[in-house]
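The file query.txt contains compact mmCIF, C-alpha atoms and all ligand atoms:
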# COMPACT_ATOMS: atom_id res chain seq x y z
CA MET H 1 -22.89 18.13 9.07
CA LYS H 2 -20.74 21.20 8.40
CA VAL H 3 -17.43 22.48 9.71
CA THR H 4 -18.12 25.75 11.54
CA ARG H 5 -14.79 26.59 13.18
CA VAL H 6 -11.14 25.54 13.15
CA SER H 7 -8.84 26.42 16.07
CA LEU H 8 -5.07 25.98 16.15
CA TRP H 9 -2.58 25.95 18.99
CA LYS H 10 1.22 25.86 18.92
CA LYS H 11 2.70 24.27 22.05
CA PRO H 12 6.33 23.56 22.86
CA LEU H 13 6.93 19.93 23.88
CA LYS H 14 9.99 19.37 26.03
CA SER H 15 11.69 15.98 25.88
CA HIS H 16 12.14 14.34 29.31
CA LYS H 17 15.61 13.29 28.17
CA ASP H 18 17.53 15.27 25.54
CA TYR H 19 17.06 13.25 22.35
CA HIS H 20 19.98 13.17 19.89
CA MET H 21 20.21 11.68 16.40
CA SER H 22 22.79 11.77 13.61
CA SER H 23 23.83 14.92 11.73
CA GLY H 24 23.10 17.21 14.70
CA LYS H 25 19.37 16.46 14.66
CA SER H 26 17.74 16.62 18.08
CA CYS H 27 14.44 17.09 19.91
CA LEU H 28 15.08 19.11 23.03
CA THR H 29 12.02 21.34 22.77
CA THR H 30 9.87 20.87 19.67
CA ASP H 31 6.71 22.77 18.70
CA THR H 32 3.61 20.68 18.21
CA ILE H 33 0.60 22.00 16.27
CA ILE H 34 -2.83 21.04 17.59
CA VAL H 35 -6.01 21.52 15.60
CA LYS H 36 -9.62 21.36 16.78
CA ILE H 37 -12.46 21.25 14.27
CA ASP H 38 -15.96 22.19 15.44
CA THR H 39 -19.15 21.36 13.58
CA ASP H 40 -22.73 22.57 13.53
CA ASN H 41 -23.90 19.50 15.43
CA ASP H 42 -21.79 19.76 18.58
CA LEU H 43 -19.20 17.17 17.55
CA SER H 44 -15.56 18.26 17.54
CA GLY H 45 -12.45 16.52 16.27
CA TRP H 46 -8.80 16.81 17.27
CA GLY H 47 -5.61 16.55 15.22
CA GLU H 48 -1.91 17.08 15.89
CA ASN H 49 1.39 17.12 14.04
CA CYS H 50 4.79 17.71 15.59
CA PRO H 51 7.52 17.77 12.93
CA ILE H 52 11.13 17.35 14.05
CA PRO H 53 13.40 20.08 12.61
CA HIS H 54 15.65 18.93 9.71
CA TYR H 55 14.02 15.50 9.75
CA LEU H 56 11.39 15.33 6.96
CA PRO H 57 10.04 17.83 4.42
CA ALA H 58 7.94 19.42 7.17
CA TYR H 59 8.17 22.26 9.67
CA ALA H 60 5.79 23.27 12.45
CA ALA H 61 5.53 26.92 11.37
CA GLY H 62 4.42 25.84 7.88
CA ILE H 63 1.23 24.18 9.10
CA GLU H 64 -0.75 27.33 9.95
CA PRO H 65 -0.30 29.15 6.58
CA ALA H 66 -1.09 25.96 4.64
CA ILE H 67 -4.26 25.44 6.66
CA ASP H 68 -5.11 29.12 6.17
CA TYR H 69 -4.77 28.65 2.40
CA MET H 70 -7.07 25.58 2.45
CA MET H 71 -9.70 27.26 4.63
CA PRO H 72 -12.14 28.19 1.80
CA GLU H 73 -12.47 24.43 1.16
CA ILE H 74 -12.86 23.55 4.86
CA ILE H 75 -15.34 25.94 6.50
CA GLY H 76 -18.83 24.75 5.53
CA ALA H 77 -17.57 21.37 4.23
CA ASN H 78 -18.89 18.02 5.45
CA PRO H 79 -16.14 16.38 7.55
CA LEU H 80 -17.83 12.96 7.66
CA GLY H 81 -15.96 10.22 5.86
CA ALA H 82 -12.67 12.18 5.87
CA GLU H 83 -11.38 10.69 2.60
CA SER H 84 -13.68 12.62 0.24
CA LEU H 85 -12.83 15.95 1.84
CA MET H 86 -9.11 15.02 1.83
CA ALA H 87 -9.38 14.23 -1.90
CA ARG H 88 -10.76 17.76 -2.42
CA LEU H 89 -7.96 19.28 -0.35
CA ASP H 90 -5.40 17.27 -2.35
CA ARG H 91 -6.69 18.91 -5.54
CA PHE H 92 -6.86 22.37 -3.98
CA LEU H 93 -3.31 22.28 -2.56
CA ILE H 94 -0.93 19.69 -3.97
CA GLY H 95 1.41 18.06 -1.47
CA HIS H 96 1.96 19.64 1.97
CA ASN H 97 1.20 16.28 3.57
CA TYR H 98 2.40 17.43 6.98
CA ALA H 99 -0.10 20.30 7.09
CA LYS H 100 -2.99 18.10 5.94
CA SER H 101 -2.33 15.36 8.50
CA PRO H 102 -3.83 17.10 11.58
CA LEU H 103 -6.95 18.07 9.57
CA ASP H 104 -7.46 14.51 8.34
CA MET H 105 -7.00 13.21 11.91
CA ALA H 106 -9.70 15.60 13.14
CA PHE H 107 -12.09 14.57 10.31
CA TRP H 108 -11.64 10.89 11.28
CA ASP H 109 -12.16 11.77 14.95
CA ILE H 110 -15.48 13.48 14.09
CA THR H 111 -16.56 10.63 11.81
CA ALA H 112 -15.90 7.97 14.46
CA LYS H 113 -17.61 10.08 17.14
CA ALA H 114 -20.66 10.44 14.87
CA ALA H 115 -20.71 6.65 14.56
CA GLY H 116 -20.24 6.33 18.35
CA LEU H 117 -17.27 4.01 17.81
CA PRO H 118 -13.59 3.99 18.74
CA LEU H 119 -11.64 5.00 15.64
CA TYR H 120 -9.99 1.59 15.18
CA MET H 121 -13.43 0.21 14.23
CA LEU H 122 -13.52 2.46 11.15
CA LEU H 123 -9.92 1.70 10.19
CA GLY H 124 -10.43 -2.06 9.93
CA GLY H 125 -11.68 -3.28 13.31
CA ARG H 126 -9.77 -4.54 16.33
CA ARG H 127 -6.93 -6.88 15.27
CA SER H 128 -4.80 -6.75 18.47
CA GLU H 129 -5.81 -6.46 22.09
CA LYS H 130 -2.48 -4.82 22.92
CA MET H 131 0.50 -3.76 20.83
CA PRO H 132 4.22 -3.88 21.62
CA VAL H 133 6.01 -0.56 22.07
CA TYR H 134 9.67 -0.03 21.25
CA HIS H 135 11.97 2.12 23.29
CA SER H 136 14.02 4.68 21.37
CA LEU H 137 17.51 5.26 22.83
CA THR H 138 18.94 8.74 22.35
CA CYS H 139 22.44 8.67 20.84
CA ILE H 140 24.73 9.27 23.84
CA ALA H 141 27.59 7.28 25.43
CA PRO H 142 27.25 3.56 24.58
CA GLU H 143 27.33 2.45 28.26
CA GLU H 144 24.59 4.92 29.16
CA MET H 145 22.41 3.71 26.26
CA ALA H 146 22.91 0.12 27.42
CA ARG H 147 21.89 1.13 30.95
CA ILE H 148 18.66 2.78 29.69
CA ALA H 149 17.90 -0.30 27.54
CA LYS H 150 18.41 -2.63 30.50
CA ASP H 151 16.14 -0.52 32.62
CA ALA H 152 13.37 -0.53 29.94
CA HIS H 153 13.87 -4.29 29.46
CA SER H 154 13.36 -4.83 33.21
CA GLN H 155 10.00 -3.11 32.65
CA LYS H 156 9.20 -5.72 29.96
CA VAL H 157 9.99 -3.70 26.82
CA THR H 158 11.25 -6.11 24.14
CA GLN H 159 12.09 -3.82 21.19
CA PHE H 160 14.89 -1.25 21.17
CA GLN H 161 15.83 1.42 18.65
CA VAL H 162 19.49 2.38 19.04
CA LYS H 163 20.22 5.84 17.62
CA LEU H 164 23.61 6.06 15.89
CA GLY H 165 25.87 8.68 14.38
CA ALA H 166 25.50 11.71 16.68
CA ASP H 167 29.25 11.87 17.35
CA GLN H 168 30.47 10.70 13.91
CA ASN H 169 32.44 7.92 15.60
CA TRP H 170 31.90 4.55 13.95
CA GLU H 171 33.61 2.60 16.72
CA ALA H 172 31.27 4.19 19.26
CA ASP H 173 28.36 3.17 17.01
CA VAL H 174 29.60 -0.43 17.01
CA ALA H 175 29.82 -0.27 20.82
CA ARG H 176 26.27 1.14 20.99
CA MET H 177 24.89 -1.85 19.08
CA ARG H 178 27.00 -4.43 20.96
CA LEU H 179 26.38 -3.09 24.46
CA VAL H 180 22.62 -2.68 23.96
CA ARG H 181 22.39 -6.19 22.45
CA GLU H 182 24.28 -7.59 25.46
CA ALA H 183 22.27 -5.55 27.98
CA VAL H 184 18.92 -6.97 26.82
CA GLY H 185 20.18 -10.48 26.00
CA ASP H 186 19.01 -12.75 23.20
CA GLY H 187 15.41 -12.49 22.07
CA PRO H 188 14.46 -8.81 22.09
CA LEU H 189 14.50 -6.94 18.78
CA VAL H 190 17.40 -4.49 18.56
CA TYR H 191 17.66 -2.11 15.62
CA ALA H 192 20.10 0.65 14.85
CA ASP H 193 18.82 3.90 13.33
CA TRP H 194 21.25 6.24 11.53
CA ASN H 195 18.49 8.65 10.46
CA CYS H 196 20.16 9.02 7.02
CA GLY H 197 23.43 10.18 8.62
CA ALA H 198 25.87 7.64 7.12
CA SER H 199 27.41 7.32 3.70
CA LYS H 200 27.14 3.90 2.06
CA LEU H 201 30.80 3.19 2.84
CA GLU H 202 30.56 4.21 6.52
CA ALA H 203 27.37 2.24 7.01
CA ILE H 204 28.81 -0.90 5.38
CA ARG H 205 32.06 -0.74 7.40
CA THR H 206 30.18 -0.14 10.68
CA ALA H 207 27.47 -2.73 10.09
CA ARG H 208 29.94 -5.41 8.95
CA ALA H 209 31.50 -5.16 12.42
CA VAL H 210 28.20 -6.41 13.95
CA MET H 211 27.28 -8.97 11.27
CA ASP H 212 27.65 -11.76 13.82
CA MET H 213 24.81 -10.25 15.84
CA ASP H 214 21.02 -10.39 15.60
CA ILE H 215 20.44 -6.78 14.63
CA MET H 216 18.28 -4.85 12.16
CA LEU H 217 19.43 -1.65 10.46
CA GLU H 218 17.23 1.43 10.00
CA GLN H 219 17.69 4.08 7.31
CA PRO H 220 21.50 4.29 7.29
CA CYS H 221 21.66 6.54 4.21
CA ASP H 222 19.50 9.09 2.39
CA THR H 223 18.21 7.01 -0.50
CA ILE H 224 16.54 3.65 -0.99
CA ASP H 225 19.31 2.57 -3.41
CA GLU H 226 22.08 3.34 -0.91
CA CYS H 227 20.22 1.52 1.87
CA ALA H 228 19.70 -1.45 -0.48
CA SER H 229 23.48 -1.63 -1.07
CA VAL H 230 24.06 -1.67 2.70
CA LYS H 231 21.56 -4.46 3.12
CA GLN H 232 23.15 -6.45 0.31
CA ALA H 233 26.67 -5.98 1.67
CA THR H 234 25.78 -6.97 5.23
CA GLY H 235 22.87 -9.38 4.90
CA LEU H 236 21.26 -7.59 7.85
CA PRO H 237 17.50 -6.88 7.70
CA MET H 238 16.55 -3.31 6.81
CA LYS H 239 13.86 -0.95 8.07
CA LEU H 240 13.26 2.24 6.08
CA ASP H 241 11.84 5.40 7.58
CA GLU H 242 12.72 8.78 6.04
CA SER H 243 12.74 7.45 2.49
CA THR H 244 9.29 5.84 2.52
CA GLN H 245 6.89 8.74 2.19
CA SER H 246 4.49 7.48 -0.50
CA PRO H 247 3.07 4.28 -1.98
CA ALA H 248 5.54 4.68 -4.87
CA ASP H 249 8.45 4.70 -2.38
CA LEU H 250 7.11 1.56 -0.71
CA LEU H 251 6.79 -0.23 -4.06
CA TYR H 252 10.26 0.82 -5.17
CA ALA H 253 11.88 -0.22 -1.86
CA SER H 254 10.07 -3.53 -1.88
CA LYS H 255 11.25 -4.25 -5.44
CA ALA H 256 14.80 -3.34 -4.37
CA ASP H 257 14.47 -5.94 -1.56
CA CYS H 258 15.18 -3.19 0.94
CA LEU H 259 11.95 -3.24 2.94
CA ASP H 260 11.83 -5.79 5.73
CA ALA H 261 10.10 -3.15 7.82
CA THR H 262 9.08 0.49 7.60
CA ALA H 263 8.01 3.36 9.80
CA LEU H 264 4.40 4.20 8.96
CA LYS H 265 4.46 7.77 10.25
CA ILE H 266 0.96 9.20 9.78
CA SER H 267 1.98 12.75 8.79
CA LYS H 268 4.58 11.54 6.24
CA PHE H 269 1.76 10.13 4.11
CA GLY H 270 -0.61 13.08 4.67
CA GLY H 271 -2.86 11.81 7.45
CA LEU H 272 -4.75 8.74 8.55
CA SER H 273 -6.55 8.36 5.21
CA ALA H 274 -3.30 8.05 3.25
CA ALA H 275 -1.50 6.15 6.04
CA ARG H 276 -4.30 3.57 6.09
CA ARG H 277 -3.88 3.01 2.33
CA ALA H 278 -0.10 2.72 2.83
CA ARG H 279 -0.72 0.27 5.68
CA ASP H 280 -2.81 -1.93 3.40
CA LEU H 281 -0.12 -1.78 0.72
CA CYS H 282 2.52 -2.86 3.27
CA VAL H 283 0.33 -5.82 4.23
CA SER H 284 0.12 -6.82 0.56
CA LEU H 285 3.89 -6.46 0.17
CA GLY H 286 4.57 -8.45 3.36
CA VAL H 287 6.28 -5.53 5.10
CA LYS H 288 6.26 -5.12 8.89
CA MET H 289 5.24 -1.69 10.16
CA CYS H 290 6.08 0.55 13.04
CA VAL H 291 2.86 2.57 13.31
CA GLU H 292 3.64 6.00 14.73
CA ASP H 293 4.22 9.64 13.82
CA THR H 294 7.26 11.87 13.81
CA TRP H 295 6.96 13.22 17.35
CA GLY H 296 4.16 14.69 19.45
CA SER H 297 1.82 14.20 22.36
CA ASP H 298 -1.42 12.38 23.14
CA ILE H 299 -3.38 13.17 19.95
CA VAL H 300 -0.85 11.74 17.48
CA THR H 301 -0.17 8.86 19.86
CA ALA H 302 -3.90 8.07 20.01
CA ALA H 303 -4.17 8.17 16.20
CA ALA H 304 -1.23 5.77 15.84
CA LEU H 305 -2.71 3.38 18.42
CA HIS H 306 -6.02 3.20 16.53
CA LEU H 307 -4.25 2.56 13.22
CA GLY H 308 -1.98 -0.01 14.88
CA ALA H 309 -4.86 -1.81 16.61
CA SER H 310 -6.66 -2.21 13.26
CA THR H 311 -3.57 -3.61 11.49
CA ASP H 312 -3.02 -7.34 10.94
CA PRO H 313 -0.72 -8.21 13.89
CA LYS H 314 1.41 -10.36 11.59
CA PHE H 315 2.61 -7.14 9.96
CA LEU H 316 2.62 -4.89 13.02
CA LEU H 317 6.19 -4.55 14.24
CA ASN H 318 5.36 -2.11 17.03
CA VAL H 319 3.83 1.25 17.90
CA CYS H 320 5.38 4.28 19.59
CA ASP H 321 4.05 5.90 22.76
CA LEU H 322 5.39 9.28 21.64
CA SER H 323 3.59 11.14 24.43
CA SER H 324 5.74 9.32 27.01
CA TYR H 325 8.92 11.01 25.73
CA VAL H 326 7.68 14.60 26.14
CA GLY H 327 5.75 17.00 28.36
CA PRO H 328 3.26 18.43 28.92
CA ARG H 329 0.68 15.68 28.48
CA LEU H 330 -2.36 16.95 26.59
CA ASP H 331 -4.64 14.37 28.20
CA GLN H 332 -3.63 12.79 31.52
CA ASN H 333 -6.05 9.90 30.90
CA ALA H 334 -4.70 8.95 27.46
CA PRO H 335 -3.12 5.49 27.04
CA VAL H 336 0.35 4.73 28.45
CA ARG H 337 2.58 1.66 28.10
CA GLU H 338 2.16 -1.19 30.55
CA ASP H 339 4.62 -4.09 30.65
CA GLY H 340 5.95 -3.25 27.19
CA PHE H 341 2.51 -3.05 25.57
CA ILE H 342 -0.11 -0.35 24.99
CA ARG H 343 -3.83 -0.40 24.10
CA PRO H 344 -5.92 2.14 22.17
CA SER H 345 -8.53 4.24 23.94
CA GLU H 346 -12.05 2.74 23.99
CA GLY H 347 -13.90 6.06 23.86
CA PRO H 348 -15.60 7.26 20.67
CA GLY H 349 -13.29 8.68 17.98
CA LEU H 350 -9.67 9.13 18.99
CA GLY H 351 -10.83 9.02 22.60
CA VAL H 352 -8.69 12.02 23.55
CA THR H 353 -9.93 14.95 25.62
CA PRO H 354 -7.19 17.58 25.70
CA ASP H 355 -6.84 19.55 28.91
CA MET H 356 -7.98 23.10 28.09
CA ASP H 357 -5.87 24.48 30.95
CA VAL H 358 -2.78 23.08 29.19
CA LEU H 359 -3.89 24.39 25.78
CA GLY H 360 -5.09 27.84 26.85
CA VAL H 361 -6.31 30.34 24.26
CA PRO H 362 -5.87 29.23 20.60
CA ASP H 363 -3.17 30.96 18.55
CA ARG H 364 -5.50 31.15 15.55
CA VAL H 365 -9.21 30.66 14.92
CA TRP H 366 -11.03 30.47 11.56
CA ASN H 367 -14.82 30.58 11.32
C1 LIG E 1 11.10 9.90 14.74
N1 LIG E 1 11.96 9.46 15.80
C2 LIG E 1 13.05 10.37 15.95
C3 LIG E 1 11.11 9.47 17.00
C4 LIG E 1 10.63 8.09 17.23
O1 LIG E 1 10.83 7.70 18.54
C5 LIG E 1 11.43 7.24 16.27
C6 LIG E 1 12.45 8.07 15.65
C7 LIG E 1 12.89 7.57 14.27
O2 LIG E 1 13.55 8.28 13.52
O3 LIG E 1 12.62 6.42 13.92
MG MG E 2 13.72 6.24 12.14
Go ahead and render the structure in this file as structure tokens.
Amino acid sequence: MKVTRVSLWKKPLKSHKDYHMSSGKSCLTTDTIIVKIDTDNDLSGWGENCPIPHYLPAYAAGIEPAIDYMMPEIIGANPLGAESLMARLDRFLIGHNYAKSPLDMAFWDITAKAAGLPLYMLLGGRRSEKMPVYHSLTCIAPEEMARIAKDAHSQKVTQFQVKLGADQNWEADVARMRLVREAVGDGPLVYADWNCGASKLEAIRTARAVMDMDIMLEQPCDTIDECASVKQATGLPMKLDESTQSPADLLYASKADCLDATALKISKFGGLSAARRARDLCVSLGVKMCVEDTWGSDIVTAAALHLGASTDPKFLLNVCDLSSYVGPRLDQNAPVREDGFIRPSEGPGLGVTPDMDVLGVPDRVWN
């Protein structure tokens, strides 16, 4: 089988609710990049990556030129197996994980379609029937965040990510954690995500004010060492996100006892091939994972659900139904959360059929 054509679309995704994080980071409207790979035997694969501005070493406009540069290695190549072609691309262009991720996703989609199997079967088989979703709470007034959490809890969601730091007001951040914790009662998992926005001192002072509560912290500061100090000073469990981008990061954070959980964002690692290896490393290290991607619609959500469904449930913290936060939907029939859980698609490959009326004419075609 040979790759005959690659098409790329850039589509703005609008958040249903303005989404605010620390340090002025937000997703109001964010460009997602969608890739379709066609082959000489009628099978096509889909990939997507939607970087959030100022969030990771990635930007949407960088995907097209990086793919253009890799094209001599892609057109005519055999997409089956994904990992061998990705190894070639890794030698041809070092790094640029975010640009490789949608290609790798499409190669896996084609490979699983060729096998006639849902993708989770190739990633390790079905380990969970359904997976818990978390609800991410935009950083706004504490009372409003508590109201949204209560509403999601009444719809059976049991995990809540409380965004902190958007207004640089540590007392408001304490109120955000307290009011959300109270709104959902004992039992649900509540974690507070600073998205790197706090200094060590701010994070320690703020988190010590909620040390009496059952709460997990997420990525308070930029580095693993700073986050480890915060964990040590508060005794609160720690999830890392922005600072775990490679197996070496995972090993370092685990050694620093700063890795109770991590966000396994597919594009951070360079695609499903690399994310699957990172997933297996996390299992060996005893680290719980949130299997997701940075942002995006139904293609990245589908990929995360297949990786999540094939992960040992003991180490699966949750998955994210990213496509529920934004519009337009790329596939109206793609999975959605039900009673706080979500299931992967059962169709072959990713099981996603994007609506061509939504996509329209591609912005770029290589053949
Ligand atoms: C990447 N986000 C901003 C979107 C997901 O909902 C989670 C969140 C994060 O930083 O963890
Ligand atoms: Mg995070």
Using only C-alpha atoms and all ligand atoms, what are the residues with an atom within 8 Å of ligand MG 2 (chain E), set out as a list in words?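 Going residue by residue within 8 Å of ligand MG 2 (chain E), we get Asp193, Trp194, Asn195, Glu218, Gln219, Leu240, Asp241, Glu242 and Ala263 of chain H.
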Can you list, as number ranges by chain, every protein, DNA or RNA residue that comes within 12 Å of Ala248 in chain H when you count all atoms listed in the file, leaving out same-chain residues fewer than 3 positions away? H: 224, 243-245, 251-255, 269, 277-278, 281-282
Now that the selection is made, can you save its residues with C-alpha atoms as a PDB file, in the coordinates of the input?
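Listing of result12.pdb after writing:
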ATOM      1  CA  ILE H 224      16.540   3.650  -0.990  1.00  0.00           C
ATOM      2  CA  SER H 243      12.740   7.450   2.490  1.00  0.00           C
ATOM      3  CA  THR H 244       9.290   5.840   2.520  1.00  0.00           C
ATOM      4  CA  GLN H 245       6.890   8.740   2.190  1.00  0.00           C
ATOM      5  CA  LEU H 251       6.790  -0.230  -4.060  1.00  0.00           C
ATOM      6  CA  TYR H 252      10.260   0.820  -5.170  1.00  0.00           C
ATOM      7  CA  ALA H 253      11.880  -0.220  -1.860  1.00  0.00           C
ATOM      8  CA  SER H 254      10.070  -3.530  -1.880  1.00  0.00           C
ATOM      9  CA  LYS H 255      11.250  -4.250  -5.440  1.00  0.00           C
ATOM     10  CA  PHE H 269       1.760  10.130   4.110  1.00  0.00           C
ATOM     11  CA  ARG H 277      -3.880   3.010   2.330  1.00  0.00           C
ATOM     12  CA  ALA H 278      -0.100   2.720   2.830  1.00  0.00           C
ATOM     13  CA  LEU H 281      -0.120  -1.780   0.720  1.00  0.00           C
ATOM     14  CA  CYS H 282       2.520  -2.860   3.270  1.00  0.00           C
TER      15      CYS H 282
END
Could you name the residues that touch Lys265 in chain H at 6 Å or less, counting all atoms listed in the file, but leaving out those on the same chain fewer than 3 positions away, as number ranges by chain? H: 268, 292-293
Within 6 Å of ligand LIG 1 (chain E), counting all atoms listed in the file: which residues, as a list of chain:residue names? H:Ser136, H:Asn195, H:Thr294, H:Trp295
Check which residues of range 200-274 of chain H sit at most 12 Å from range 36-47 of chain H using all atoms listed in the file, and return one row each with the closest pair of atoms and their distance in Å to one decimal, ordered by chain and rising number, as CSV.
residue,atom,partner,partner_atom,distance
H:Ile266,CA,H:Gly47,CA,11.3
H:Ser267,CA,H:Gly47,CA,10.6
H:Gly271,CA,H:Gly47,CA,9.5
H:Leu272,CA,H:Gly47,CA,10.3
What's the 9 Å shell around Gly124 in chain H, counting all atoms listed in the file, without same-chain residues fewer than 2 positions away, as a ChimeraX atom specification? /H:120-122,126-127,307,309-311
In terms of the shortest atom-to-atom distance over all atoms listed in the file, which of H:Tyr98, H:Tyr55, H:Trp366, H:Tyr325 is closest to Tyr19 in chain H?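 The closest residue to Tyr19 in chain H is H:Tyr325.
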Compute the distance from (-0.4, 4.9, 25.6) to each atom, counting all atoms listed in the file, keep the residues with any atom at most 10 Å away, and return them as a PyMOL selection string; use the coordinates of the file. chain H and resi 131+133+298+301-302+304-305+319-324+333-338+341-345
7 Å contact set for Thr29 in chain H, all atoms listed in the file, chain neighbours under 6 positions out, as a list of chain:residue names: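 Skipping anything fewer than 6 positions along the chain leaves H:Pro12, H:Leu13, H:Lys14, H:Ser15.
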Pick out the residues sitting within 7 Å of range 166-181 of chain H, and hand them over as a list in words; count only C-alpha atoms, and ignore anything fewer than 3 positions along from it in its own chain. His20, Met21, Ser22, Ser23, Gly24, Cys139, Pro142, Glu143, Met145, Ala146, Ala149, Val162, Val184, Gly185, Val190, Ala192, Thr206, Ala209 and Val210 of chain H
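With all atoms listed in the file as the basis for measurement, H:Leu250 is the residue among H:Leu250, H:Met213, H:Met238, H:Val300 that approaches Ser284 in chain H most closely.
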Tell me which of H:Val230, H:Val287, H:Tyr59, H:Ile75 sits closest to Arg208 in chain H, counting all atoms listed in the file. H:Val230
What is the CA of Gln155 in chain H to CA of Leu330 in chain H distance in Å?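 A separation of 24.3 Å between them.
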Atomic distance CA of Ser26 in chain H - CA of Pro53 in chain H, expressed in Å with one decimal: 7.8 Å
Quick one, how far is CA of Ala82 in chain H from CA of Pro65 in chain H?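 Calculated distance between CA of Ala82 in chain H and CA of Pro65 in chain H is 21.0 Å.
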Select, from H:Gly116, H:Gly197, H:Gly270, H:Gly125, the residue with the minimum atom-to-atom distance to Gly95 in chain H, counting only C-alpha atoms.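 Of H:Gly116, H:Gly197, H:Gly270, H:Gly125, the one nearest Gly95 in chain H is H:Gly270, counting only C-alpha atoms.
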Keeping N, CA and C atoms, write range 346-358 of chain H of the structure just shown out as a PDB file, in the first residue's frame.
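Result file is result_1.pdb:
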ATOM      1  N   GLU H 346     -16.862   1.839  17.631  1.00  0.00           N
ATOM      2  CA  GLU H 346     -16.655   0.414  17.302  1.00  0.00           C
ATOM      3  C   GLU H 346     -16.341   0.196  15.830  1.00  0.00           C
ATOM      4  N   GLY H 347     -16.377   1.268  15.038  1.00  0.00           N
ATOM      5  CA  GLY H 347     -16.093   1.114  13.608  1.00  0.00           C
ATOM      6  C   GLY H 347     -14.624   0.819  13.380  1.00  0.00           C
ATOM      7  N   PRO H 348     -14.248   0.410  12.149  1.00  0.00           N
ATOM      8  CA  PRO H 348     -12.830   0.162  11.889  1.00  0.00           C
ATOM      9  C   PRO H 348     -11.996   1.435  11.992  1.00  0.00           C
ATOM     10  N   GLY H 349     -10.751   1.289  12.434  1.00  0.00           N
ATOM     11  CA  GLY H 349      -9.855   2.453  12.562  1.00  0.00           C
ATOM     12  C   GLY H 349     -10.298   3.354  13.690  1.00  0.00           C
ATOM     13  N   LEU H 350     -10.154   4.662  13.473  1.00  0.00           N
ATOM     14  CA  LEU H 350     -10.618   5.624  14.486  1.00  0.00           C
ATOM     15  C   LEU H 350     -12.143   5.606  14.579  1.00  0.00           C
ATOM     16  N   GLY H 351     -12.795   5.195  13.493  1.00  0.00           N
ATOM     17  CA  GLY H 351     -14.253   5.162  13.482  1.00  0.00           C
ATOM     18  C   GLY H 351     -14.867   6.534  13.305  1.00  0.00           C
ATOM     19  N   VAL H 352     -14.117   7.453  12.729  1.00  0.00           N
ATOM     20  CA  VAL H 352     -14.620   8.817  12.529  1.00  0.00           C
ATOM     21  C   VAL H 352     -14.832   9.062  11.035  1.00  0.00           C
ATOM     22  N   THR H 353     -15.990   9.626  10.712  1.00  0.00           N
ATOM     23  CA  THR H 353     -16.257  10.027   9.327  1.00  0.00           C
ATOM     24  C   THR H 353     -16.565  11.517   9.316  1.00  0.00           C
ATOM     25  N   PRO H 354     -15.551  12.357   9.089  1.00  0.00           N
ATOM     26  CA  PRO H 354     -15.806  13.794   9.119  1.00  0.00           C
ATOM     27  C   PRO H 354     -16.821  14.223   8.053  1.00  0.00           C
ATOM     28  N   ASP H 355     -17.617  15.202   8.427  1.00  0.00           N
ATOM     29  CA  ASP H 355     -18.655  15.753   7.562  1.00  0.00           C
ATOM     30  C   ASP H 355     -17.983  16.672   6.531  1.00  0.00           C
ATOM     31  N   MET H 356     -18.031  16.270   5.255  1.00  0.00           N
ATOM     32  CA  MET H 356     -17.332  17.045   4.222  1.00  0.00           C
ATOM     33  C   MET H 356     -17.962  18.415   4.005  1.00  0.00           C
ATOM     34  N   ASP H 357     -19.240  18.569   4.397  1.00  0.00           N
ATOM     35  CA  ASP H 357     -19.854  19.906   4.296  1.00  0.00           C
ATOM     36  C   ASP H 357     -19.235  20.850   5.332  1.00  0.00           C
ATOM     37  N   VAL H 358     -18.855  20.296   6.491  1.00  0.00           N
ATOM     38  CA  VAL H 358     -18.195  21.117   7.518  1.00  0.00           C
ATOM     39  C   VAL H 358     -16.769  21.431   7.075  1.00  0.00           C
TER      40      VAL H 358
END
